[in-house]
Amino acid sequence: MPLLPKSAGAPRAAGLHRRSLAWHLLARLLPAVLLLAMMDTVATYVITRKLSSQSYDRALVDTARALARQVTMTPQGPQLDITWNSTRFLDVDPDERLYFKVLANGVVLGGRPELASPPDSAALRQEEEIAVNEPVTSAVEMINNARPTVYDTTIDGLPVRAATLRFQLDGVPIDVVMAETLNTRSRFIEEVLSVLVAGQLLLVALLGFVIVTGVRSGLDSVSRLSDEIETRSIDDLQPIAVDDVPTEITPLIAKTNSLLARLDEAVASQRRFIGHAAHQLRTPLAGLKLESELMLSRTLPDDIRQRAERIKGVADRMIRVGEQLLVLARIDANVRPQDSFNRIDLVELAQECGARWIPAARQAQVELALAAPDEPIWIDGDAVLLDQLLGNLIDNAIRYRQGPGNIVLRVQDAPPSLIVEDDGPGIGASERDRVFDPFYRGQGSVAGGSGLGLAIVKEIAQSHGAHWDLRSRPEFEGTRVSLVFPGPRIGTHLTRMARNGAAV
Ligand SMILES: Nc1ncnc2c1ncn2[C@@H]1O[C@H](COP(=O)(O)OP(=O)(O)OP(=O)(O)O)[C@@H](O)[C@H]1O
Ligand SMILES: [Mg+2]
């Protein structure tokens, strides 16, 4: 696999998307919460308004009683104490205006005559008349016992709240009317309302915030999972772990895992098909090769010999492609190290494989050298596949060298690595990624190949959990392919998923 996995995929949507879970919850919950908040605000407003109005009314009635106590009986009849005049009331509160009126038997004793009496003053009068027949008590007592009537009216074009008291002073009915403007009351109610509305809006905003952050933190494991899937190699069709995802997501993961399992099976059957096809072609191709070799062993006219050689060349090439396809079909990137891997000494592998390539190297006038430590370097792997891998790299180094030169096989420890270096023409920077694709052949490639060599190297490296790296000119004078393997212990403890979904 490449040293750094490329992160591809759709950009993650930022903010609230119309289809997001948080948006869905907000759209469902917020209208209901807003309605409840509105109802709560209205109910609290009505109750507060009533209670505050009652306490303001009580204060107004107290002032009316204080005024009533200033009416005294003189030989000339009832009189209002001269110290009580309108200016005194007006000075009490700069924001509020107070008005009063005192009537004795319907005659104005003081105050503003235009101040309206209560709307049901007739009923009041009757009530008072009944009170006349009650046993005579002191004036103060009568004032204290008098039932006030509180009502809304206007004076000087201003809305006011008025309180009326009716009592008897030595048999003379006295009416005291006290009124005040509504500034303080309205201001209080406005303040209450604004605090209420602000509080409810804050509550709704808080709820929205809690929903959005709650959903996001609940889905954290899902984003972790999507990150993991995004960085997965396309060859990794292992099931997705369901351990720490919310239970609501589990069915989706289960379905995805079943799809992955089917896909894995489809890939495997495709590989098997390629393997079978390559195998089926093997015998007729071997026959063709043999026939051409038999032909060439005889004396032949030149043109027939040339044709027979071409047939043999084509048969050789097809046999090689068949072998390569068989190798590709054999590699299963999902195979776990424990399944088929053995402990292999990389030094021994390089020695044996290198020795087999010495005749070919000599023929191409290439010096093949091994640079390896004396002690073994162990990895877990498949010996046949690793031999193929190294063979493909040496084959390339010899084939593209074209002329005398040097090839070095290096084996290194910590981490275990296998390196093939040549001093050939190198691979252009634009081609370096593509040469690992199946059937891709470079610009300077010579006849005889099919572009499968490095694809096989890549597949084998992947199946061994190895990293690969390709360096070429100008950083390296030639071509240098290195493979870094996980050590034997790490190799056997790769935490990949078994096919039944359990972590191993
Ligand atoms: N050591 C090398 N030096 C220069 N070019 C190389 C080297 N190794 C590979 N290449 C380039 O990379 C391409 C892909 O190599 P790969 O081994 O995959 O296929 P191939 O050699 O063309 O065919 P095959 O290996 O299937 O016979 C080659 O065609 C060649 O252009
Ligand atoms: Mg090759």
# chains A, B, ... in the order shown; residues from 1 in each chain; ligands from 1

$ residues_near_ligand --ligand "ligand 1" --cutoff "9 Å" --atoms "only C-alpha atoms and all ligand atoms" --output "MDAnalysis selection string"
chainID A and resid 317 320:321 324 392:401 420:428 431:432 434:457 472 478:481

$ write_last_selection --atoms "N, CA and C atoms" --output "short mmCIF file (atom, residue, chain, number, x, y, z; two decimals), in the first residue's frame"
data_model
loop_
_atom_site.label_atom_id
_atom_site.label_comp_id
_atom_site.auth_asym_id
_atom_site.auth_seq_id
_atom_site.Cartn_x
_atom_site.Cartn_y
_atom_site.Cartn_z
N ARG A 317 5.40 -15.81 -24.46
CA ARG A 317 4.78 -14.64 -23.86
C ARG A 317 3.44 -14.99 -23.24
N ARG A 320 3.81 -16.85 -20.08
CA ARG A 320 4.18 -15.96 -18.97
C ARG A 320 2.96 -15.20 -18.46
N VAL A 321 2.15 -14.66 -19.41
CA VAL A 321 0.93 -13.92 -18.99
C VAL A 321 0.02 -14.86 -18.20
N GLN A 324 1.34 -15.22 -14.81
CA GLN A 324 1.09 -14.00 -14.03
C GLN A 324 -0.36 -13.92 -13.58
N ASN A 392 9.80 -10.53 -10.32
CA ASN A 392 9.28 -9.47 -11.19
C ASN A 392 10.16 -8.23 -11.14
N LEU A 393 10.63 -7.90 -9.93
CA LEU A 393 11.47 -6.70 -9.80
C LEU A 393 12.83 -6.91 -10.49
N ILE A 394 13.41 -8.12 -10.32
CA ILE A 394 14.70 -8.38 -10.97
C ILE A 394 14.52 -8.41 -12.48
N ASP A 395 13.43 -9.03 -12.93
CA ASP A 395 13.14 -9.10 -14.37
C ASP A 395 13.07 -7.69 -14.97
N ASN A 396 12.36 -6.79 -14.27
CA ASN A 396 12.28 -5.41 -14.77
C ASN A 396 13.66 -4.76 -14.81
N ALA A 397 14.42 -4.95 -13.72
CA ALA A 397 15.73 -4.30 -13.62
C ALA A 397 16.64 -4.76 -14.77
N ILE A 398 16.56 -6.06 -15.09
CA ILE A 398 17.40 -6.58 -16.18
C ILE A 398 16.87 -6.09 -17.52
N ARG A 399 15.55 -6.22 -17.67
CA ARG A 399 14.94 -5.97 -18.97
C ARG A 399 15.06 -4.51 -19.42
N TYR A 400 14.86 -3.58 -18.48
CA TYR A 400 14.87 -2.17 -18.89
C TYR A 400 16.25 -1.53 -18.79
N ARG A 401 17.22 -2.31 -18.27
CA ARG A 401 18.59 -1.81 -18.15
C ARG A 401 19.19 -1.58 -19.53
N VAL A 420 15.29 -3.56 -4.40
CA VAL A 420 15.94 -3.90 -5.66
C VAL A 420 16.35 -2.59 -6.32
N GLU A 421 17.66 -2.45 -6.57
CA GLU A 421 18.17 -1.21 -7.16
C GLU A 421 18.83 -1.53 -8.50
N ASP A 422 18.62 -0.65 -9.48
CA ASP A 422 19.37 -0.79 -10.73
C ASP A 422 19.87 0.57 -11.15
N ASP A 423 20.81 0.60 -12.09
CA ASP A 423 21.32 1.89 -12.55
C ASP A 423 20.87 2.13 -14.00
N GLY A 424 19.65 1.71 -14.25
CA GLY A 424 19.08 1.82 -15.59
C GLY A 424 18.51 3.20 -15.88
N PRO A 425 17.63 3.28 -16.88
CA PRO A 425 17.12 4.59 -17.33
C PRO A 425 16.15 5.24 -16.33
N GLY A 426 15.59 4.47 -15.40
CA GLY A 426 14.65 5.04 -14.41
C GLY A 426 13.24 5.16 -14.97
N ILE A 427 12.34 5.55 -14.10
CA ILE A 427 10.93 5.69 -14.49
C ILE A 427 10.55 7.16 -14.29
N GLY A 428 9.97 7.78 -15.32
CA GLY A 428 9.60 9.20 -15.27
C GLY A 428 8.63 9.48 -14.12
N GLU A 431 5.00 8.80 -14.49
CA GLU A 431 4.57 7.40 -14.65
C GLU A 431 4.60 6.61 -13.35
N ARG A 432 5.24 7.19 -12.32
CA ARG A 432 5.55 6.38 -11.13
C ARG A 432 4.32 5.77 -10.46
N ARG A 434 1.43 5.18 -12.04
CA ARG A 434 0.66 4.35 -12.97
C ARG A 434 1.32 3.00 -13.27
N VAL A 435 2.66 2.90 -13.09
CA VAL A 435 3.32 1.64 -13.44
C VAL A 435 2.82 0.47 -12.58
N PHE A 436 2.17 0.79 -11.44
CA PHE A 436 1.65 -0.29 -10.59
C PHE A 436 0.26 -0.74 -11.03
N ASP A 437 -0.33 -0.02 -12.02
CA ASP A 437 -1.66 -0.42 -12.51
C ASP A 437 -1.52 -1.63 -13.44
N PRO A 438 -2.49 -2.56 -13.41
CA PRO A 438 -2.40 -3.73 -14.29
C PRO A 438 -2.41 -3.29 -15.76
N PHE A 439 -1.61 -3.93 -16.55
CA PHE A 439 -1.51 -3.74 -18.00
C PHE A 439 -0.96 -2.37 -18.41
N TYR A 440 -0.42 -1.62 -17.44
CA TYR A 440 0.21 -0.34 -17.82
C TYR A 440 1.66 -0.60 -18.16
N ARG A 441 2.06 -0.17 -19.33
CA ARG A 441 3.46 -0.31 -19.73
C ARG A 441 4.04 1.08 -19.99
N GLY A 442 5.25 1.29 -19.51
CA GLY A 442 5.86 2.62 -19.60
C GLY A 442 6.29 2.98 -21.01
N GLN A 443 6.66 4.29 -21.13
CA GLN A 443 7.09 4.84 -22.44
C GLN A 443 8.26 4.06 -23.02
N GLY A 444 9.27 3.80 -22.15
CA GLY A 444 10.49 3.16 -22.66
C GLY A 444 10.47 1.66 -22.57
N SER A 445 9.28 1.04 -22.44
CA SER A 445 9.25 -0.40 -22.22
C SER A 445 9.61 -1.14 -23.51
N VAL A 446 10.26 -2.27 -23.31
CA VAL A 446 10.65 -3.06 -24.47
C VAL A 446 9.61 -4.15 -24.72
N ALA A 447 9.66 -4.74 -25.92
CA ALA A 447 8.66 -5.75 -26.27
C ALA A 447 8.77 -6.96 -25.34
N GLY A 448 7.69 -7.67 -25.22
CA GLY A 448 7.74 -8.92 -24.46
C GLY A 448 7.00 -8.90 -23.15
N GLY A 449 6.64 -7.74 -22.65
CA GLY A 449 5.92 -7.68 -21.37
C GLY A 449 4.45 -7.41 -21.58
N SER A 450 3.69 -7.53 -20.50
CA SER A 450 2.26 -7.25 -20.63
C SER A 450 1.80 -6.21 -19.59
N GLY A 451 2.70 -5.70 -18.79
CA GLY A 451 2.33 -4.66 -17.82
C GLY A 451 1.72 -5.20 -16.54
N LEU A 452 1.95 -6.49 -16.27
CA LEU A 452 1.37 -7.08 -15.06
C LEU A 452 2.37 -7.22 -13.91
N GLY A 453 3.67 -7.09 -14.23
CA GLY A 453 4.72 -7.34 -13.23
C GLY A 453 4.55 -6.53 -11.95
N LEU A 454 4.50 -5.18 -12.09
CA LEU A 454 4.43 -4.35 -10.89
C LEU A 454 3.05 -4.42 -10.23
N ALA A 455 1.99 -4.69 -11.03
CA ALA A 455 0.65 -4.87 -10.45
C ALA A 455 0.70 -6.07 -9.49
N ILE A 456 1.42 -7.12 -9.90
CA ILE A 456 1.56 -8.30 -9.05
C ILE A 456 2.37 -7.96 -7.80
N VAL A 457 3.43 -7.15 -7.99
CA VAL A 457 4.25 -6.72 -6.84
C VAL A 457 3.36 -6.01 -5.83
N SER A 472 13.22 7.05 -8.27
CA SER A 472 13.92 7.01 -9.55
C SER A 472 14.60 8.35 -9.79
N GLY A 478 18.85 5.66 -11.26
CA GLY A 478 18.30 4.40 -11.77
C GLY A 478 16.92 4.20 -11.18
N THR A 479 16.62 2.96 -10.81
CA THR A 479 15.31 2.69 -10.20
C THR A 479 15.54 1.92 -8.90
N ARG A 480 14.76 2.29 -7.87
CA ARG A 480 14.92 1.61 -6.58
C ARG A 480 13.51 1.34 -6.05
N VAL A 481 13.18 0.06 -5.96
CA VAL A 481 11.87 -0.31 -5.42
C VAL A 481 12.12 -0.95 -4.06
#

$ select_by_dssp --residues "range 156-339 of chain A" --states "helix (DSSP H, G or I)" --output "MDAnalysis selection string"
chainID A and resid 183:218 220:230 250:296 302:330 337:339

$ closest_atom_pairs --of "range 185-233 of chain A" --to "range 28-47 of chain A" --cutoff "10 Å" --atoms "only C-alpha atoms" --output "CSV"
residue,atom,partner,partner_atom,distance
A:Ile189,CA,A:Tyr45,CA,8.0
A:Glu190,CA,A:Tyr45,CA,9.7
A:Val192,CA,A:Tyr45,CA,7.5
A:Leu193,CA,A:Tyr45,CA,6.5
A:Val195,CA,A:Thr41,CA,9.9
A:Leu196,CA,A:Thr41,CA,6.2
A:Val197,CA,A:Thr41,CA,6.8
A:Gly199,CA,A:Thr41,CA,9.4
A:Gln200,CA,A:Ala37,CA,5.9
A:Leu201,CA,A:Ala37,CA,8.2
A:Leu203,CA,A:Ala37,CA,8.6
A:Val204,CA,A:Leu34,CA,6.9
A:Ala205,CA,A:Leu30,CA,9.4
A:Leu207,CA,A:Leu30,CA,8.3
A:Gly208,CA,A:Leu30,CA,7.5
A:Ile211,CA,A:Leu29,CA,9.4

$ write_last_selection --atoms "C-alpha atoms" --output "PDB file, in the first residue's frame"
ATOM      1  CA  ILE A 189     -46.285  44.914  32.945  1.00  0.00           C
ATOM      2  CA  GLU A 190     -44.007  45.768  30.016  1.00  0.00           C
ATOM      3  CA  VAL A 192     -42.542  41.560  33.181  1.00  0.00           C
ATOM      4  CA  LEU A 193     -43.496  40.743  29.598  1.00  0.00           C
ATOM      5  CA  VAL A 195     -38.330  39.350  30.905  1.00  0.00           C
ATOM      6  CA  LEU A 196     -40.800  36.530  30.229  1.00  0.00           C
ATOM      7  CA  VAL A 197     -40.340  36.592  26.444  1.00  0.00           C
ATOM      8  CA  GLY A 199     -36.494  33.920  29.176  1.00  0.00           C
ATOM      9  CA  GLN A 200     -38.613  31.737  26.920  1.00  0.00           C
ATOM     10  CA  LEU A 201     -36.562  32.613  23.824  1.00  0.00           C
ATOM     11  CA  LEU A 203     -34.944  28.437  26.748  1.00  0.00           C
ATOM     12  CA  VAL A 204     -35.890  27.597  23.145  1.00  0.00           C
ATOM     13  CA  ALA A 205     -32.412  28.567  21.892  1.00  0.00           C
ATOM     14  CA  LEU A 207     -33.008  23.513  23.690  1.00  0.00           C
ATOM     15  CA  GLY A 208     -32.006  23.880  20.021  1.00  0.00           C
ATOM     16  CA  ILE A 211     -30.452  18.995  20.432  1.00  0.00           C
TER      17      ILE A 211
END

$ residues_around --residues "Asp57 in chain A" --least-positions-apart "4" --cutoff "12 Å" --atoms "only C-alpha atoms" --output "list in words"
Arg49, Lys50, Leu51, Ser52, Ser53, Val61, Asp62, Thr63, Ala64, Pro148, Thr149, Val150, Tyr151, Asp152, Val160, Arg161, Ala162, Ala163, Thr164, Met178, Ala179, Glu180, Thr181, Leu182 and Arg185 of chain A

$ residues_around --residues "Ala414 in chain A" --least-positions-apart "2" --cutoff "12 Å" --atoms "only C-alpha atoms" --output "number ranges by chain"
A: 373, 377-379, 411-412, 416-418, 484-488

$ write_last_selection --atoms "N, CA and C atoms" --output "mmCIF file, in the first residue's frame"
data_model
loop_
_atom_site.group_PDB
_atom_site.id
_atom_site.type_symbol
_atom_site.label_atom_id
_atom_site.label_comp_id
_atom_site.auth_asym_id
_atom_site.auth_seq_id
_atom_site.Cartn_x
_atom_site.Cartn_y
_atom_site.Cartn_z
ATOM 1 N N PRO A 373 22.567 -8.895 5.451
ATOM 2 C CA PRO A 373 23.290 -9.252 6.672
ATOM 3 C C PRO A 373 23.486 -10.770 6.779
ATOM 4 N N ILE A 377 16.584 -12.636 8.541
ATOM 5 C CA ILE A 377 15.585 -11.586 8.855
ATOM 6 C C ILE A 377 14.217 -12.202 8.617
ATOM 7 N N TRP A 378 13.492 -12.362 9.699
ATOM 8 C CA TRP A 378 12.239 -13.124 9.599
ATOM 9 C C TRP A 378 11.034 -12.234 9.329
ATOM 10 N N ILE A 379 10.185 -12.745 8.478
ATOM 11 C CA ILE A 379 8.855 -12.113 8.311
ATOM 12 C C ILE A 379 7.838 -13.254 8.168
ATOM 13 N N VAL A 411 18.809 -6.533 1.480
ATOM 14 C CA VAL A 411 17.894 -6.989 2.524
ATOM 15 C C VAL A 411 18.311 -6.252 3.786
ATOM 16 N N GLN A 412 17.339 -5.628 4.443
ATOM 17 C CA GLN A 412 17.675 -4.843 5.642
ATOM 18 C C GLN A 412 16.771 -5.245 6.797
ATOM 19 N N PRO A 416 12.050 -4.997 8.572
ATOM 20 C CA PRO A 416 12.468 -5.911 7.515
ATOM 21 C C PRO A 416 12.138 -5.334 6.141
ATOM 22 N N SER A 417 13.151 -5.186 5.292
ATOM 23 C CA SER A 417 12.901 -4.592 3.972
ATOM 24 C C SER A 417 13.644 -5.359 2.896
ATOM 25 N N LEU A 418 13.030 -5.302 1.712
ATOM 26 C CA LEU A 418 13.596 -5.939 0.528
ATOM 27 C C LEU A 418 13.695 -4.836 -0.518
ATOM 28 N N VAL A 484 8.693 -2.606 2.579
ATOM 29 C CA VAL A 484 8.919 -2.671 4.021
ATOM 30 C C VAL A 484 7.832 -3.555 4.627
ATOM 31 N N PHE A 485 8.266 -4.656 5.257
ATOM 32 C CA PHE A 485 7.308 -5.637 5.793
ATOM 33 C C PHE A 485 7.089 -5.420 7.277
ATOM 34 N N PRO A 486 5.900 -5.791 7.742
ATOM 35 C CA PRO A 486 5.739 -5.794 9.201
ATOM 36 C C PRO A 486 6.558 -6.970 9.745
ATOM 37 N N GLY A 487 7.127 -6.824 10.915
ATOM 38 C CA GLY A 487 7.911 -7.912 11.514
ATOM 39 C C GLY A 487 7.034 -9.119 11.763
ATOM 40 N N PRO A 488 7.595 -10.288 12.072
ATOM 41 C CA PRO A 488 6.793 -11.497 12.224
ATOM 42 C C PRO A 488 5.738 -11.371 13.316
#

$ residues_around --residues "Asp244 in chain A" --least-positions-apart "6" --cutoff "10 Å" --atoms "only C-alpha atoms" --output "VMD selection string"
chain A and resid 220 to 222 224 to 225 250

$ residues_around --residues "Leu263 in chain A" --least-positions-apart "5" --cutoff "9 Å" --atoms "only C-alpha atoms" --output "ChimeraX atom specification"
/A:237,258,268

$ residues_around --residues "Gln168 in chain A" --least-positions-apart "5" --cutoff "8 Å" --atoms "only C-alpha atoms" --output "list in words"
Val132, Ala139, Met142, Pro173 and Ile174 of chain A

$ write_last_selection --atoms "C-alpha atoms" --output "PDB file, in the first residue's frame"
ATOM      1  CA  VAL A 132     -77.643  53.614  56.480  1.00  0.00           C
ATOM      2  CA  ALA A 139     -66.800  57.763  60.881  1.00  0.00           C
ATOM      3  CA  MET A 142     -67.337  53.432  58.429  1.00  0.00           C
ATOM      4  CA  PRO A 173     -73.672  60.299  52.161  1.00  0.00           C
ATOM      5  CA  ILE A 174     -70.094  61.140  51.184  1.00  0.00           C
TER       6      ILE A 174
END

$ select_by_dssp --residues "range 244-428 of chain A" --states "strand (DSSP E or B)" --output "CSV table (one decimal) with C-alpha atoms, in the first residue's frame"
chain,number,residue,atom,x,y,z
A,342,ASN,CA,4.9,-19.1,7.1
A,343,ARG,CA,7.9,-17.7,8.8
A,344,ILE,CA,10.3,-16.8,6.0
A,345,ASP,CA,13.9,-15.6,6.1
A,366,VAL,CA,24.4,-7.2,-15.9
A,367,GLU,CA,26.1,-7.7,-12.6
A,368,LEU,CA,23.7,-9.0,-9.9
A,369,ALA,CA,24.9,-8.4,-6.3
A,370,LEU,CA,23.3,-9.2,-3.0
A,371,ALA,CA,23.8,-6.9,0.0
A,378,TRP,CA,12.2,-13.1,9.6
A,379,ILE,CA,8.9,-12.1,8.3
A,380,ASP,CA,5.5,-13.9,8.0
A,381,GLY,CA,4.7,-14.5,4.4
A,405,GLY,CA,25.2,-2.4,-15.6
A,406,ASN,CA,24.6,-3.3,-12.0
A,407,ILE,CA,21.6,-4.6,-10.0
A,408,VAL,CA,21.7,-4.8,-6.2
A,409,LEU,CA,19.4,-6.8,-4.0
A,410,ARG,CA,19.4,-5.4,-0.6
A,411,VAL,CA,17.9,-7.0,2.5
A,412,GLN,CA,17.7,-4.8,5.6
A,417,SER,CA,12.9,-4.6,4.0
A,418,LEU,CA,13.6,-5.9,0.5
A,419,ILE,CA,15.1,-3.5,-2.0
A,420,VAL,CA,15.9,-3.9,-5.7
A,421,GLU,CA,18.2,-1.2,-7.2
A,422,ASP,CA,19.4,-0.8,-10.7

$ atom_distance --atom1 "CA of Pro251 in chain A" --atom2 "CA of Asp227 in chain A"
19.1 Å

$ atom_distance --atom1 "CA of Ser223 in chain A" --atom2 "CA of Ser20 in chain A"
13.2 Å

$ closest_residue --among "A:Gly391, A:Pro474, A:Gly214, A:Gly354" --to "ligand 2" --atoms "only C-alpha atoms and all ligand atoms"
A:Gly391

$ closest_residue --among "A:Ala461, A:Ala22, A:Ala66, A:Ala286" --to "Thr213 in chain A" --atoms "only C-alpha atoms"
A:Ala22

$ decode --residues "range 300-369 of chain A" --atoms "C-alpha atoms" --output "PDB file, in the first residue's frame"
ATOM      1  CA  LEU A 300      14.061 -25.382 -42.016  1.00  0.00           C
ATOM      2  CA  PRO A 301      14.045 -22.846 -44.797  1.00  0.00           C
ATOM      3  CA  ASP A 302      14.840 -19.395 -43.400  1.00  0.00           C
ATOM      4  CA  ASP A 303      11.363 -17.884 -43.702  1.00  0.00           C
ATOM      5  CA  ILE A 304       9.702 -20.933 -42.034  1.00  0.00           C
ATOM      6  CA  ARG A 305      12.323 -20.839 -39.252  1.00  0.00           C
ATOM      7  CA  GLN A 306      11.566 -17.151 -38.661  1.00  0.00           C
ATOM      8  CA  ARG A 307       7.858 -17.921 -38.448  1.00  0.00           C
ATOM      9  CA  ALA A 308       8.451 -20.858 -36.088  1.00  0.00           C
ATOM     10  CA  GLU A 309      10.583 -18.603 -33.884  1.00  0.00           C
ATOM     11  CA  ARG A 310       7.840 -15.979 -33.840  1.00  0.00           C
ATOM     12  CA  ILE A 311       5.304 -18.668 -32.882  1.00  0.00           C
ATOM     13  CA  LYS A 312       7.601 -19.817 -30.074  1.00  0.00           C
ATOM     14  CA  GLY A 313       8.056 -16.198 -28.915  1.00  0.00           C
ATOM     15  CA  VAL A 314       4.299 -15.618 -28.823  1.00  0.00           C
ATOM     16  CA  ALA A 315       3.750 -18.936 -27.020  1.00  0.00           C
ATOM     17  CA  ASP A 316       6.438 -17.981 -24.432  1.00  0.00           C
ATOM     18  CA  ARG A 317       4.785 -14.635 -23.860  1.00  0.00           C
ATOM     19  CA  MET A 318       1.328 -16.124 -23.476  1.00  0.00           C
ATOM     20  CA  ILE A 319       2.631 -18.758 -21.059  1.00  0.00           C
ATOM     21  CA  ARG A 320       4.179 -15.961 -18.967  1.00  0.00           C
ATOM     22  CA  VAL A 321       0.935 -13.922 -18.993  1.00  0.00           C
ATOM     23  CA  GLY A 322      -0.957 -17.090 -18.004  1.00  0.00           C
ATOM     24  CA  GLU A 323       1.445 -17.623 -15.111  1.00  0.00           C
ATOM     25  CA  GLN A 324       1.094 -14.000 -14.032  1.00  0.00           C
ATOM     26  CA  LEU A 325      -2.700 -14.259 -14.139  1.00  0.00           C
ATOM     27  CA  LEU A 326      -2.496 -17.420 -12.056  1.00  0.00           C
ATOM     28  CA  VAL A 327      -0.395 -15.582  -9.474  1.00  0.00           C
ATOM     29  CA  LEU A 328      -2.845 -12.674  -9.418  1.00  0.00           C
ATOM     30  CA  ALA A 329      -5.740 -15.095  -8.965  1.00  0.00           C
ATOM     31  CA  ARG A 330      -3.903 -16.743  -6.090  1.00  0.00           C
ATOM     32  CA  ILE A 331      -3.406 -13.548  -4.117  1.00  0.00           C
ATOM     33  CA  ASP A 332      -6.197 -12.739  -1.759  1.00  0.00           C
ATOM     34  CA  ALA A 333      -5.664  -9.377  -0.104  1.00  0.00           C
ATOM     35  CA  ASN A 334      -8.120 -10.356   2.619  1.00  0.00           C
ATOM     36  CA  VAL A 335      -6.253 -13.471   3.650  1.00  0.00           C
ATOM     37  CA  ARG A 336      -5.123 -13.186   7.236  1.00  0.00           C
ATOM     38  CA  PRO A 337      -1.435 -13.795   7.967  1.00  0.00           C
ATOM     39  CA  GLN A 338      -2.227 -16.809  10.160  1.00  0.00           C
ATOM     40  CA  ASP A 339      -4.194 -18.502   7.371  1.00  0.00           C
ATOM     41  CA  SER A 340      -1.447 -19.392   4.940  1.00  0.00           C
ATOM     42  CA  PHE A 341       1.685 -17.485   5.900  1.00  0.00           C
ATOM     43  CA  ASN A 342       4.874 -19.134   7.100  1.00  0.00           C
ATOM     44  CA  ARG A 343       7.904 -17.699   8.815  1.00  0.00           C
ATOM     45  CA  ILE A 344      10.307 -16.781   6.028  1.00  0.00           C
ATOM     46  CA  ASP A 345      13.914 -15.600   6.076  1.00  0.00           C
ATOM     47  CA  LEU A 346      14.185 -12.653   3.685  1.00  0.00           C
ATOM     48  CA  VAL A 347      17.961 -13.170   3.298  1.00  0.00           C
ATOM     49  CA  GLU A 348      17.523 -16.762   2.187  1.00  0.00           C
ATOM     50  CA  LEU A 349      14.694 -15.771  -0.152  1.00  0.00           C
ATOM     51  CA  ALA A 350      16.853 -13.095  -1.824  1.00  0.00           C
ATOM     52  CA  GLN A 351      19.798 -15.522  -2.124  1.00  0.00           C
ATOM     53  CA  GLU A 352      17.750 -18.289  -3.746  1.00  0.00           C
ATOM     54  CA  CYS A 353      15.737 -16.082  -6.041  1.00  0.00           C
ATOM     55  CA  GLY A 354      18.813 -14.011  -7.010  1.00  0.00           C
ATOM     56  CA  ALA A 355      20.780 -17.175  -7.830  1.00  0.00           C
ATOM     57  CA  ARG A 356      18.066 -18.263 -10.248  1.00  0.00           C
ATOM     58  CA  TRP A 357      18.307 -14.942 -12.069  1.00  0.00           C
ATOM     59  CA  ILE A 358      22.111 -14.964 -12.460  1.00  0.00           C
ATOM     60  CA  PRO A 359      22.125 -16.672 -15.905  1.00  0.00           C
ATOM     61  CA  ALA A 360      19.604 -14.172 -17.289  1.00  0.00           C
ATOM     62  CA  ALA A 361      21.580 -11.296 -15.791  1.00  0.00           C
ATOM     63  CA  ARG A 362      24.849 -12.584 -17.283  1.00  0.00           C
ATOM     64  CA  GLN A 363      23.222 -12.878 -20.656  1.00  0.00           C
ATOM     65  CA  ALA A 364      22.196  -9.223 -20.423  1.00  0.00           C
ATOM     66  CA  GLN A 365      25.710  -8.302 -19.185  1.00  0.00           C
ATOM     67  CA  VAL A 366      24.357  -7.184 -15.875  1.00  0.00           C
ATOM     68  CA  GLU A 367      26.120  -7.722 -12.552  1.00  0.00           C
ATOM     69  CA  LEU A 368      23.660  -8.998  -9.931  1.00  0.00           C
ATOM     70  CA  ALA A 369      24.861  -8.392  -6.349  1.00  0.00           C
TER      71      ALA A 369
END
